[in-house]
$ cat my_file_24.txt   # compact mmCIF, C-alpha atoms
# COMPACT_ATOMS: atom_id res chain seq x y z
CA MET D 1 -0.80 -31.38 -8.82
CA THR D 2 1.52 -29.18 -10.86
CA ARG D 3 4.86 -28.09 -9.59
CA ARG D 4 4.11 -24.35 -9.45
CA PRO D 5 1.71 -24.23 -6.49
CA VAL D 6 4.02 -26.37 -4.36
CA ASP D 7 6.95 -24.05 -5.00
CA LEU D 8 4.85 -20.98 -4.33
CA THR D 9 3.67 -22.31 -0.98
CA GLN D 10 7.25 -23.03 0.03
CA LEU D 11 8.43 -19.67 -1.26
CA ILE D 12 5.84 -17.91 0.87
CA THR D 13 5.98 -19.94 4.06
CA ASP D 14 9.79 -19.81 4.19
CA ARG D 15 9.61 -16.01 4.20
CA ILE D 16 6.94 -15.47 6.84
CA ARG D 17 8.51 -14.78 10.22
CA ASP D 18 6.86 -15.73 13.51
CA ILE D 19 7.04 -12.93 16.09
CA PRO D 20 6.07 -14.28 19.52
CA ASP D 21 4.03 -12.11 21.91
CA TYR D 22 3.17 -9.45 19.32
CA PRO D 23 1.06 -7.36 19.44
CA LYS D 24 0.29 -8.82 22.89
CA PRO D 25 1.51 -11.71 25.09
CA GLY D 26 0.46 -15.15 23.88
CA VAL D 27 -0.08 -14.12 20.27
CA ILE D 28 2.28 -15.26 17.52
CA PHE D 29 2.32 -12.58 14.83
CA LYS D 30 2.93 -13.62 11.23
CA ASP D 31 5.35 -11.04 9.83
CA ILE D 32 5.23 -10.86 6.03
CA THR D 33 7.95 -8.20 5.65
CA PRO D 34 10.68 -10.75 4.74
CA LEU D 35 8.39 -12.04 1.99
CA LEU D 36 7.73 -8.56 0.60
CA ALA D 37 11.44 -7.71 0.70
CA ASP D 38 12.35 -10.73 -1.44
CA HIS D 39 11.88 -9.64 -5.05
CA VAL D 40 11.27 -13.17 -6.35
CA ALA D 41 8.70 -14.01 -3.70
CA PHE D 42 6.97 -10.63 -3.94
CA ALA D 43 6.55 -10.94 -7.71
CA ALA D 44 5.38 -14.55 -7.35
CA VAL D 45 2.66 -13.50 -4.91
CA ILE D 46 1.32 -10.81 -7.24
CA ASP D 47 1.47 -13.14 -10.25
CA ALA D 48 -0.40 -15.87 -8.37
CA VAL D 49 -3.26 -13.59 -7.40
CA VAL D 50 -3.54 -12.31 -10.97
CA ALA D 51 -3.43 -15.87 -12.32
CA HIS D 52 -6.22 -17.03 -10.01
CA TYR D 53 -8.65 -14.28 -11.00
CA GLY D 54 -7.26 -13.82 -14.50
CA GLY D 55 -10.36 -15.06 -16.26
CA ARG D 56 -12.63 -12.59 -14.50
CA ALA D 57 -13.41 -9.02 -15.49
CA ILE D 58 -12.22 -6.71 -12.71
CA ASP D 59 -12.86 -2.97 -12.73
CA LYS D 60 -11.36 -2.08 -9.37
CA VAL D 61 -9.24 -3.66 -6.68
CA ALA D 62 -10.02 -2.72 -3.08
CA GLY D 63 -7.04 -2.90 -0.73
CA ILE D 64 -7.44 -3.03 3.03
CA GLU D 65 -5.24 -0.69 5.11
CA ALA D 66 -2.35 -0.87 5.50
CA ARG D 67 -0.52 -4.09 4.54
CA GLY D 68 -3.32 -5.04 2.17
CA PHE D 69 -2.36 -2.05 0.02
CA ILE D 70 1.03 -3.64 -0.68
CA VAL D 71 -0.46 -6.66 -2.42
CA ALA D 72 -3.63 -4.99 -3.74
CA ALA D 73 -1.96 -2.11 -5.60
CA PRO D 74 0.28 -4.22 -7.87
CA VAL D 75 -2.65 -6.56 -8.52
CA ALA D 76 -4.74 -3.55 -9.58
CA TYR D 77 -1.96 -2.37 -11.87
CA GLN D 78 -1.60 -5.81 -13.45
CA PHE D 79 -5.34 -6.06 -14.10
CA GLY D 80 -5.47 -2.54 -15.55
CA ALA D 81 -7.96 -1.79 -12.78
CA GLY D 82 -8.42 1.19 -10.51
CA PHE D 83 -7.37 1.03 -6.86
CA VAL D 84 -9.65 1.85 -3.92
CA PRO D 85 -8.38 2.09 -0.33
CA ILE D 86 -10.47 0.66 2.50
CA ARG D 87 -9.29 2.62 5.52
CA LYS D 88 -9.58 2.80 9.27
CA GLN D 89 -11.94 5.41 10.67
CA GLY D 90 -10.97 9.04 10.13
CA LYS D 91 -8.42 8.52 7.37
CA LEU D 92 -10.58 9.21 4.31
CA PRO D 93 -11.24 12.90 3.68
CA SER D 94 -14.53 12.82 1.74
CA ALA D 95 -17.99 11.36 2.53
CA THR D 96 -17.79 7.70 3.56
CA TYR D 97 -19.77 4.61 4.42
CA MET D 98 -18.67 3.03 7.73
CA GLN D 99 -18.77 -0.49 9.09
CA ASN D 100 -17.98 -1.64 12.63
CA TYR D 101 -16.70 -5.13 13.28
CA ASP D 102 -14.85 -7.31 15.76
CA LEU D 103 -11.31 -8.37 14.98
CA GLU D 104 -8.76 -10.69 16.48
CA TYR D 105 -7.44 -8.17 19.01
CA GLY D 106 -10.43 -5.89 19.73
CA SER D 107 -12.88 -3.97 17.56
CA GLU D 108 -12.49 -1.64 14.62
CA THR D 109 -14.32 0.62 12.18
CA ILE D 110 -13.46 0.81 8.50
CA GLU D 111 -14.62 3.21 5.84
CA VAL D 112 -14.84 3.59 2.09
CA HIS D 113 -15.57 6.73 0.11
CA GLN D 114 -19.21 6.76 -0.97
CA ASP D 115 -18.16 7.57 -4.53
CA ALA D 116 -15.36 5.00 -4.69
CA PHE D 117 -17.41 2.62 -6.83
CA THR D 118 -20.24 2.97 -9.30
CA PRO D 119 -23.13 0.48 -9.24
CA GLY D 120 -22.30 -2.69 -11.15
CA GLU D 121 -18.53 -2.32 -11.01
CA ARG D 122 -16.72 -5.60 -10.42
CA VAL D 123 -14.43 -5.42 -7.41
CA LEU D 124 -11.71 -7.75 -6.18
CA ILE D 125 -10.88 -7.34 -2.48
CA VAL D 126 -7.27 -8.00 -1.48
CA ASP D 127 -5.73 -8.24 1.99
CA ASP D 128 -2.58 -9.74 3.45
CA VAL D 129 -3.97 -11.99 6.17
CA LEU D 130 -7.35 -13.59 6.80
CA ALA D 131 -7.76 -14.06 10.55
CA THR D 132 -11.25 -14.07 12.07
CA GLY D 133 -12.73 -12.72 8.85
CA GLY D 134 -14.16 -9.60 10.49
CA THR D 135 -12.30 -7.12 8.31
CA ALA D 136 -13.04 -9.04 5.13
CA ARG D 137 -16.74 -9.41 6.00
CA ALA D 138 -17.04 -5.68 6.73
CA THR D 139 -15.20 -4.80 3.52
CA ALA D 140 -17.42 -6.97 1.34
CA ASP D 141 -20.49 -5.45 2.97
CA LEU D 142 -19.15 -1.93 2.40
CA VAL D 143 -18.38 -2.60 -1.25
CA ARG D 144 -21.85 -3.99 -1.82
CA ARG D 145 -23.44 -1.02 -0.07
CA THR D 146 -22.09 1.17 -2.91
CA GLY D 147 -23.90 -1.01 -5.46
CA ALA D 148 -20.74 -2.67 -6.72
CA GLU D 149 -20.26 -6.43 -7.14
CA VAL D 150 -17.65 -8.38 -5.16
CA VAL D 151 -15.81 -10.65 -7.59
CA GLY D 152 -13.75 -12.28 -4.87
CA LEU D 153 -11.51 -11.96 -1.86
CA SER D 154 -7.83 -12.75 -2.18
CA VAL D 155 -5.52 -13.11 0.81
CA LEU D 156 -1.88 -13.93 0.98
CA MET D 157 -2.23 -16.05 4.11
CA GLU D 158 -5.21 -17.63 5.83
CA LEU D 159 -4.98 -18.47 9.52
CA GLY D 160 -7.08 -21.60 9.19
CA PHE D 161 -7.50 -22.27 12.90
CA LEU D 162 -9.50 -19.03 13.32
CA ASN D 163 -12.18 -20.23 10.87
CA GLY D 164 -12.61 -16.80 9.25
CA ARG D 165 -13.68 -18.59 6.08
CA ASP D 166 -16.95 -19.63 7.75
CA ARG D 167 -18.13 -15.99 7.75
CA LEU D 168 -17.32 -15.53 4.07
CA THR D 169 -19.15 -18.41 2.40
CA ASP D 170 -20.80 -16.02 -0.09
CA LEU D 171 -17.41 -14.93 -1.48
CA ASP D 172 -14.95 -16.49 -3.93
CA LEU D 173 -12.16 -16.68 -1.36
CA HIS D 174 -8.64 -17.48 -2.49
CA ALA D 175 -5.75 -17.86 -0.02
CA LEU D 176 -2.23 -18.31 -1.39
CA VAL D 177 -1.24 -20.24 1.74
CA THR D 178 -3.14 -21.54 4.75
CA VAL D 179 -1.38 -21.97 8.07
CA MET Y 1 8.72 19.41 -24.65
CA THR Y 2 7.08 16.17 -25.73
CA ARG Y 3 3.38 15.61 -25.55
CA ARG Y 4 3.45 12.81 -22.95
CA PRO Y 5 4.44 14.83 -19.83
CA VAL Y 6 1.80 17.47 -20.56
CA ASP Y 7 -0.92 14.82 -20.79
CA LEU Y 8 0.30 13.10 -17.64
CA THR Y 9 0.23 16.32 -15.66
CA GLN Y 10 -3.31 17.00 -16.81
CA LEU Y 11 -4.36 13.41 -16.14
CA ILE Y 12 -3.08 13.69 -12.58
CA THR Y 13 -4.18 17.20 -11.66
CA ASP Y 14 -7.70 16.64 -13.01
CA ARG Y 15 -8.08 13.69 -10.62
CA ILE Y 16 -6.80 15.24 -7.41
CA ARG Y 17 -9.65 16.55 -5.31
CA ASP Y 18 -9.33 19.53 -2.97
CA ILE Y 19 -10.91 18.88 0.44
CA PRO Y 20 -11.22 22.17 2.35
CA ASP Y 21 -10.62 22.21 6.13
CA TYR Y 22 -9.19 18.68 6.31
CA PRO Y 23 -7.61 17.43 8.50
CA LYS Y 24 -8.09 20.78 10.28
CA PRO Y 25 -9.64 24.19 9.56
CA GLY Y 26 -7.74 26.30 7.06
CA VAL Y 27 -5.96 23.37 5.41
CA ILE Y 28 -6.85 22.25 1.89
CA PHE Y 29 -6.20 18.51 1.65
CA LYS Y 30 -5.16 17.05 -1.70
CA ASP Y 31 -7.18 13.84 -2.05
CA ILE Y 32 -5.59 11.41 -4.50
CA THR Y 33 -8.26 8.71 -4.24
CA PRO Y 34 -10.03 9.76 -7.50
CA LEU Y 35 -6.68 9.43 -9.26
CA LEU Y 36 -6.02 5.96 -7.83
CA ALA Y 37 -9.55 4.82 -8.73
CA ASP Y 38 -9.10 5.76 -12.39
CA HIS Y 39 -7.42 2.78 -14.03
CA VAL Y 40 -5.84 4.83 -16.82
CA ALA Y 41 -4.43 7.46 -14.49
CA PHE Y 42 -3.25 4.92 -11.92
CA ALA Y 43 -1.32 2.94 -14.55
CA ALA Y 44 0.11 6.15 -16.04
CA VAL Y 45 1.45 7.19 -12.63
CA ILE Y 46 3.22 3.86 -12.08
CA ASP Y 47 4.60 3.83 -15.62
CA ALA Y 48 5.93 7.39 -15.25
CA VAL Y 49 7.83 6.58 -12.05
CA VAL Y 50 9.31 3.47 -13.62
CA ALA Y 51 10.26 5.41 -16.76
CA HIS Y 52 12.03 8.12 -14.78
CA TYR Y 53 14.25 5.70 -12.82
CA GLY Y 54 14.30 3.04 -15.52
CA GLY Y 55 17.98 3.37 -16.24
CA ARG Y 56 19.00 2.83 -12.62
CA ALA Y 57 19.57 -0.47 -10.83
CA ILE Y 58 17.08 -0.73 -7.99
CA ASP Y 59 17.13 -3.58 -5.48
CA LYS Y 60 14.32 -2.45 -3.22
CA VAL Y 61 11.55 0.12 -3.16
CA ALA Y 62 10.70 1.68 0.20
CA GLY Y 63 7.09 2.82 0.52
CA ILE Y 64 5.98 5.25 3.20
CA GLU Y 65 2.84 4.37 5.20
CA ALA Y 66 0.09 4.33 4.18
CA ARG Y 67 -0.74 6.01 0.85
CA GLY Y 68 2.87 5.73 -0.25
CA PHE Y 69 2.43 1.93 -0.29
CA ILE Y 70 -0.14 2.28 -3.08
CA VAL Y 71 2.34 3.79 -5.52
CA ALA Y 72 5.49 2.14 -4.18
CA ALA Y 73 4.31 -1.48 -4.36
CA PRO Y 74 3.46 -1.52 -8.10
CA VAL Y 75 6.71 0.32 -8.79
CA ALA Y 76 8.61 -2.38 -6.88
CA TYR Y 77 6.82 -5.08 -8.83
CA GLN Y 78 7.60 -3.40 -12.17
CA PHE Y 79 11.29 -3.07 -11.28
CA GLY Y 80 11.47 -6.69 -10.09
CA ALA Y 81 12.53 -5.24 -6.73
CA GLY Y 82 11.62 -6.13 -3.17
CA PHE Y 83 9.25 -3.94 -1.18
CA VAL Y 84 10.05 -2.46 2.24
CA PRO Y 85 7.45 -0.65 4.35
CA ILE Y 86 8.41 2.49 6.28
CA ARG Y 87 5.86 2.62 9.06
CA LYS Y 88 4.62 4.80 11.87
CA GLN Y 89 5.84 3.95 15.36
CA GLY Y 90 4.66 0.63 16.81
CA LYS Y 91 3.51 -0.99 13.57
CA LEU Y 92 6.58 -3.08 12.74
CA PRO Y 93 6.91 -6.25 14.81
CA SER Y 94 10.67 -6.90 14.74
CA ALA Y 95 13.70 -4.79 15.77
CA THR Y 96 13.63 -1.33 14.17
CA TYR Y 97 15.52 1.90 13.69
CA MET Y 98 13.43 4.97 14.56
CA GLN Y 99 13.48 8.57 13.41
CA ASN Y 100 11.53 11.50 14.84
CA TYR Y 101 10.60 14.44 12.65
CA ASP Y 102 8.26 17.41 12.29
CA LEU Y 103 5.51 17.24 9.72
CA GLU Y 104 2.95 19.60 8.31
CA TYR Y 105 0.39 19.02 11.06
CA GLY Y 106 2.48 18.10 14.14
CA SER Y 107 5.28 15.60 14.77
CA GLU Y 108 5.76 11.92 14.01
CA THR Y 109 8.06 8.94 14.43
CA ILE Y 110 8.71 6.44 11.67
CA GLU Y 111 10.48 3.10 11.76
CA VAL Y 112 12.12 0.57 9.50
CA HIS Y 113 13.12 -2.99 10.33
CA GLN Y 114 16.85 -3.15 11.05
CA ASP Y 115 17.19 -6.09 8.67
CA ALA Y 116 15.08 -4.57 5.88
CA PHE Y 117 18.12 -3.73 3.78
CA THR Y 118 21.63 -5.10 3.42
CA PRO Y 119 24.56 -2.70 3.07
CA GLY Y 120 25.02 -1.48 -0.49
CA GLU Y 121 21.49 -2.23 -1.65
CA ARG Y 122 20.08 0.42 -3.96
CA VAL Y 123 16.79 1.78 -2.68
CA LEU Y 124 14.17 3.96 -4.31
CA ILE Y 125 11.90 5.78 -1.85
CA VAL Y 126 8.32 6.38 -2.99
CA ASP Y 127 5.59 8.45 -1.36
CA ASP Y 128 2.37 10.05 -2.52
CA VAL Y 129 2.87 13.67 -1.46
CA LEU Y 130 5.92 15.79 -0.66
CA ALA Y 131 4.87 18.48 1.80
CA THR Y 132 7.44 19.93 4.23
CA GLY Y 133 9.86 17.11 3.41
CA GLY Y 134 10.07 15.88 7.00
CA THR Y 135 8.88 12.36 6.27
CA ALA Y 136 11.09 12.03 3.20
CA ARG Y 137 14.14 13.39 5.04
CA ALA Y 138 13.60 10.96 7.93
CA THR Y 139 13.08 8.05 5.54
CA ALA Y 140 16.26 8.74 3.59
CA ASP Y 141 18.19 8.98 6.86
CA LEU Y 142 16.68 5.69 8.08
CA VAL Y 143 17.54 3.87 4.85
CA ARG Y 144 21.12 5.11 4.98
CA ARG Y 145 21.45 4.07 8.62
CA THR Y 146 21.03 0.46 7.46
CA GLY Y 147 23.99 0.88 5.09
CA ALA Y 148 21.85 0.95 1.96
CA GLU Y 149 22.12 3.56 -0.79
CA VAL Y 150 19.24 5.92 -1.66
CA VAL Y 151 18.86 5.96 -5.43
CA GLY Y 152 16.14 8.58 -5.36
CA LEU Y 153 12.88 9.85 -3.98
CA SER Y 154 9.77 9.74 -6.14
CA VAL Y 155 6.56 11.50 -5.22
CA LEU Y 156 3.30 11.74 -7.05
CA MET Y 157 2.69 15.33 -6.04
CA GLU Y 158 4.93 18.04 -4.63
CA LEU Y 159 3.38 20.92 -2.69
CA GLY Y 160 5.88 23.44 -4.01
CA PHE Y 161 4.86 26.29 -1.69
CA LEU Y 162 6.06 24.30 1.37
CA ASN Y 163 9.62 24.15 0.02
CA GLY Y 164 10.18 20.55 1.14
CA ARG Y 165 12.65 20.17 -1.70
CA ASP Y 166 15.10 22.46 0.11
CA ARG Y 167 15.64 19.78 2.80
CA LEU Y 168 16.33 17.08 0.23
CA THR Y 169 19.04 18.57 -1.95
CA ASP Y 170 21.18 15.43 -1.55
CA LEU Y 171 18.50 13.25 -3.19
CA ASP Y 172 17.46 12.62 -6.80
CA LEU Y 173 13.95 13.93 -6.25
CA HIS Y 174 11.31 13.37 -8.90
CA ALA Y 175 7.78 14.75 -8.59
CA LEU Y 176 5.18 13.78 -11.19
CA VAL Y 177 3.33 17.04 -10.60
CA THR Y 178 4.05 20.16 -8.56
CA VAL Y 179 1.20 22.27 -7.24
$ encode --input "my_file_24.txt" --output "structure tokens"
Amino acid sequence: MTRRPVDLTQLITDRIRDIPDYPKPGVIFKDITPLLADHVAFAAVIDAVVAHYGGRAIDKVAGIEARGFIVAAPVAYQFGAGFVPIRKQGKLPSATYMQNYDLEYGSETIEVHQDAFTPGERVLIVDDVLATGGTARATADLVRRTGAEVVGLSVLMELGFLNGRDRLTDLDLHALVTV
Amino acid sequence: MTRRPVDLTQLITDRIRDIPDYPKPGVIFKDITPLLADHVAFAAVIDAVVAHYGGRAIDKVAGIEARGFIVAAPVAYQFGAGFVPIRKQGKLPSATYMQNYDLEYGSETIEVHQDAFTPGERVLIVDDVLATGGTARATADLVRRTGAEVVGLSVLMELGFLNGRDRLTDLDLHALVTV
């Protein structure tokens, strides 16, 4: 094991703040805002995602609303790729494809513009947290519905105990840290 | 006038899509998703913001939910700055400062974590669109309430006919394009 991954894990986990009983009693929310606010840690996160997928050709990066945008957009810039927002229902103004799914605290619908991708484009999906995997599963399905190819799914933090990974076995899933 | 700004303006305006009657009848929504999806235009936008404020010391970039994140986060990365999200009410898990304001289609409350900035930090605010200036005004006031300094406000597109600029005369406001 090289030194770099160990340092990165520490850098990230030290800057994720546990918020008890948010958004509802009994849940411990993982707050990444201290990580994003730290310029060294923020840059290290972006660099690590780019390094992991660096050998792959990526045409577009799809970011999942809203925190996913914060990691996905710099990754898109670094790859010289376009950025596509995956948004909650009603937020995209043009014609969309929709996908319903269950998530950790209820259910949700996400959308993507029908013309966001062209068939054959290679798309990296980026989000902040992988919980039950519902959002990621729905996003991958949406991207594929446009005819594009999903290169992989990158998340900053995987909540391992929720087993979201089990629903995503067809994807090249990369988590910077697993808690 | 150099050639670069002319090309950038064209690059941006050609990729902003008018959506009539969204989000309500009579409104023409400026959809920036075609611009974000174009890898050349997306990179040019980030580079232009960085170039404009390049001579200034910037500790943190504040991005305004949700589309503002998409421009603000790569700008933060390029400056080697931290990223701070300015979010709609109820989205931030820790203690916040709040600000109410009027916006183009109603009213809104935004929040920032009380510990997002330390006094004296130099903060660049980034959003996608400047409309009436309500969101930008509230954000600048929130940042200053934490004791931080607002270096400037950068927007991708200014809707000049709404005169938002008039409410922001105390800020170094930079718009990549004005329509």
$ residues_around --input "my_file_24.txt" --residues "Ser94 of chain Y" --least-positions-apart "2" --cutoff "12 Å" --atoms "only C-alpha atoms" --output "PyMOL selection string"
(chain D and resi 17-23+29-34) or (chain Y and resi 89-92+96-97+111-116)
$ write_last_selection --input "my_file_24.txt" --atoms "C-alpha atoms" --output "PDB file, in the frame of the given file"
ATOM      1  CA  ARG D  17       8.510 -14.780  10.220  1.00  0.00           C
ATOM      2  CA  ASP D  18       6.860 -15.730  13.510  1.00  0.00           C
ATOM      3  CA  ILE D  19       7.040 -12.930  16.090  1.00  0.00           C
ATOM      4  CA  PRO D  20       6.070 -14.280  19.520  1.00  0.00           C
ATOM      5  CA  ASP D  21       4.030 -12.110  21.910  1.00  0.00           C
ATOM      6  CA  TYR D  22       3.170  -9.450  19.320  1.00  0.00           C
ATOM      7  CA  PRO D  23       1.060  -7.360  19.440  1.00  0.00           C
ATOM      8  CA  PHE D  29       2.320 -12.580  14.830  1.00  0.00           C
ATOM      9  CA  LYS D  30       2.930 -13.620  11.230  1.00  0.00           C
ATOM     10  CA  ASP D  31       5.350 -11.040   9.830  1.00  0.00           C
ATOM     11  CA  ILE D  32       5.230 -10.860   6.030  1.00  0.00           C
ATOM     12  CA  THR D  33       7.950  -8.200   5.650  1.00  0.00           C
ATOM     13  CA  PRO D  34      10.680 -10.750   4.740  1.00  0.00           C
TER      14      PRO D  34
ATOM     15  CA  GLN Y  89       5.840   3.950  15.360  1.00  0.00           C
ATOM     16  CA  GLY Y  90       4.660   0.630  16.810  1.00  0.00           C
ATOM     17  CA  LYS Y  91       3.510  -0.990  13.570  1.00  0.00           C
ATOM     18  CA  LEU Y  92       6.580  -3.080  12.740  1.00  0.00           C
ATOM     19  CA  THR Y  96      13.630  -1.330  14.170  1.00  0.00           C
ATOM     20  CA  TYR Y  97      15.520   1.900  13.690  1.00  0.00           C
ATOM     21  CA  GLU Y 111      10.480   3.100  11.760  1.00  0.00           C
ATOM     22  CA  VAL Y 112      12.120   0.570   9.500  1.00  0.00           C
ATOM     23  CA  HIS Y 113      13.120  -2.990  10.330  1.00  0.00           C
ATOM     24  CA  GLN Y 114      16.850  -3.150  11.050  1.00  0.00           C
ATOM     25  CA  ASP Y 115      17.190  -6.090   8.670  1.00  0.00           C
ATOM     26  CA  ALA Y 116      15.080  -4.570   5.880  1.00  0.00           C
TER      27      ALA Y 116
END
$ atom_distance --input "my_file_24.txt" --atom1 "atom CA of Asp7 of chain D" --atom2 "atom CA of Arg56 of chain D"
24.6 Å
$ interface_residues --input "my_file_24.txt" --of "chain D" --to "chain Y" --cutoff "8 Å" --atoms "all atoms listed in the file" --output "MDAnalysis selection string"
chainID D and resid 19 22:23 29 31 33:34 36:40 42:43 60 65:66 69:71 73:75 77 80:85 93:94 116
$ write_last_selection --input "my_file_24.txt" --atoms "C-alpha atoms" --output "PDB file, keeping the file's coordinate frame"
ATOM      1  CA  ILE D  19       7.040 -12.930  16.090  1.00  0.00           C
ATOM      2  CA  TYR D  22       3.170  -9.450  19.320  1.00  0.00           C
ATOM      3  CA  PRO D  23       1.060  -7.360  19.440  1.00  0.00           C
ATOM      4  CA  PHE D  29       2.320 -12.580  14.830  1.00  0.00           C
ATOM      5  CA  ASP D  31       5.350 -11.040   9.830  1.00  0.00           C
ATOM      6  CA  THR D  33       7.950  -8.200   5.650  1.00  0.00           C
ATOM      7  CA  PRO D  34      10.680 -10.750   4.740  1.00  0.00           C
ATOM      8  CA  LEU D  36       7.730  -8.560   0.600  1.00  0.00           C
ATOM      9  CA  ALA D  37      11.440  -7.710   0.700  1.00  0.00           C
ATOM     10  CA  ASP D  38      12.350 -10.730  -1.440  1.00  0.00           C
ATOM     11  CA  HIS D  39      11.880  -9.640  -5.050  1.00  0.00           C
ATOM     12  CA  VAL D  40      11.270 -13.170  -6.350  1.00  0.00           C
ATOM     13  CA  PHE D  42       6.970 -10.630  -3.940  1.00  0.00           C
ATOM     14  CA  ALA D  43       6.550 -10.940  -7.710  1.00  0.00           C
ATOM     15  CA  LYS D  60     -11.360  -2.080  -9.370  1.00  0.00           C
ATOM     16  CA  GLU D  65      -5.240  -0.690   5.110  1.00  0.00           C
ATOM     17  CA  ALA D  66      -2.350  -0.870   5.500  1.00  0.00           C
ATOM     18  CA  PHE D  69      -2.360  -2.050   0.020  1.00  0.00           C
ATOM     19  CA  ILE D  70       1.030  -3.640  -0.680  1.00  0.00           C
ATOM     20  CA  VAL D  71      -0.460  -6.660  -2.420  1.00  0.00           C
ATOM     21  CA  ALA D  73      -1.960  -2.110  -5.600  1.00  0.00           C
ATOM     22  CA  PRO D  74       0.280  -4.220  -7.870  1.00  0.00           C
ATOM     23  CA  VAL D  75      -2.650  -6.560  -8.520  1.00  0.00           C
ATOM     24  CA  TYR D  77      -1.960  -2.370 -11.870  1.00  0.00           C
ATOM     25  CA  GLY D  80      -5.470  -2.540 -15.550  1.00  0.00           C
ATOM     26  CA  ALA D  81      -7.960  -1.790 -12.780  1.00  0.00           C
ATOM     27  CA  GLY D  82      -8.420   1.190 -10.510  1.00  0.00           C
ATOM     28  CA  PHE D  83      -7.370   1.030  -6.860  1.00  0.00           C
ATOM     29  CA  VAL D  84      -9.650   1.850  -3.920  1.00  0.00           C
ATOM     30  CA  PRO D  85      -8.380   2.090  -0.330  1.00  0.00           C
ATOM     31  CA  PRO D  93     -11.240  12.900   3.680  1.00  0.00           C
ATOM     32  CA  SER D  94     -14.530  12.820   1.740  1.00  0.00           C
ATOM     33  CA  ALA D 116     -15.360   5.000  -4.690  1.00  0.00           C
TER      34      ALA D 116
END
$ atom_distance --input "my_file_24.txt" --atom1 "atom CA of Asp128 of chain Y" --atom2 "atom CA of Asp172 of chain Y"
15.9 Å
$ atom_distance --input "my_file_24.txt" --atom1 "atom CA of Leu168 of chain D" --atom2 "atom CA of Ala95 of chain D"
26.9 Å
$ closest_residue --input "my_file_24.txt" --among "D:Leu173, D:Ala148, D:Ile125, D:Ile110" --to "Met98 of chain D" --atoms "all atoms listed in the file"
D:Ile110
$ residues_around --input "my_file_24.txt" --residues "Glu121 of chain Y" --least-positions-apart "2" --cutoff "10 Å" --atoms "all atoms listed in the file" --output "list of chain:residue names"
Y:Ala57, Y:Ile58, Y:Asp59, Y:Lys60, Y:Phe117, Y:Thr118, Y:Pro119, Y:Val123, Y:Leu124, Y:Val143, Y:Arg144, Y:Thr146, Y:Gly147, Y:Ala148, Y:Glu149, Y:Val150, Y:Val151
$ closest_residue --input "my_file_24.txt" --among "D:Val126, D:Ile12, D:Ala136, D:Ile28" --to "Ser154 of chain D" --atoms "only C-alpha atoms"
D:Val126
$ build_atoms --input "my_file_24.txt" --residues "segment 71-80 of chain D" --atoms "N, CA, C and O atoms" --output "CSV table (one decimal), in the coordinates of the input"
chain,number,residue,atom,x,y,z
D,71,VAL,N,-0.1,-5.6,-1.5
D,71,VAL,CA,-0.5,-6.7,-2.4
D,71,VAL,C,-1.5,-6.2,-3.4
D,71,VAL,O,-1.4,-6.4,-4.6
D,72,ALA,N,-2.5,-5.4,-2.9
D,72,ALA,CA,-3.6,-5.0,-3.7
D,72,ALA,C,-3.2,-4.0,-4.9
D,72,ALA,O,-3.7,-4.2,-6.0
D,73,ALA,N,-2.3,-3.1,-4.6
D,73,ALA,CA,-2.0,-2.1,-5.6
D,73,ALA,C,-1.3,-2.7,-6.8
D,73,ALA,O,-1.7,-2.4,-8.0
D,74,PRO,N,-0.3,-3.6,-6.7
D,74,PRO,CA,0.3,-4.2,-7.9
D,74,PRO,C,-0.7,-5.1,-8.6
D,74,PRO,O,-0.7,-5.2,-9.8
D,75,VAL,N,-1.6,-5.7,-7.9
D,75,VAL,CA,-2.6,-6.6,-8.5
D,75,VAL,C,-3.6,-5.7,-9.4
D,75,VAL,O,-3.9,-6.0,-10.5
D,76,ALA,N,-3.9,-4.5,-8.8
D,76,ALA,CA,-4.7,-3.6,-9.6
D,76,ALA,C,-4.0,-3.1,-10.9
D,76,ALA,O,-4.6,-3.1,-12.0
D,77,TYR,N,-2.8,-2.8,-10.7
D,77,TYR,CA,-2.0,-2.4,-11.9
D,77,TYR,C,-1.9,-3.5,-12.9
D,77,TYR,O,-2.1,-3.2,-14.1
D,78,GLN,N,-1.7,-4.7,-12.5
D,78,GLN,CA,-1.6,-5.8,-13.4
D,78,GLN,C,-2.9,-6.1,-14.2
D,78,GLN,O,-2.9,-6.5,-15.3
D,79,PHE,N,-4.0,-5.9,-13.5
D,79,PHE,CA,-5.3,-6.1,-14.1
D,79,PHE,C,-5.8,-4.9,-14.9
D,79,PHE,O,-6.8,-4.9,-15.6
D,80,GLY,N,-5.0,-3.8,-14.9
D,80,GLY,CA,-5.5,-2.5,-15.6
D,80,GLY,C,-6.7,-2.0,-14.9
D,80,GLY,O,-7.6,-1.4,-15.5
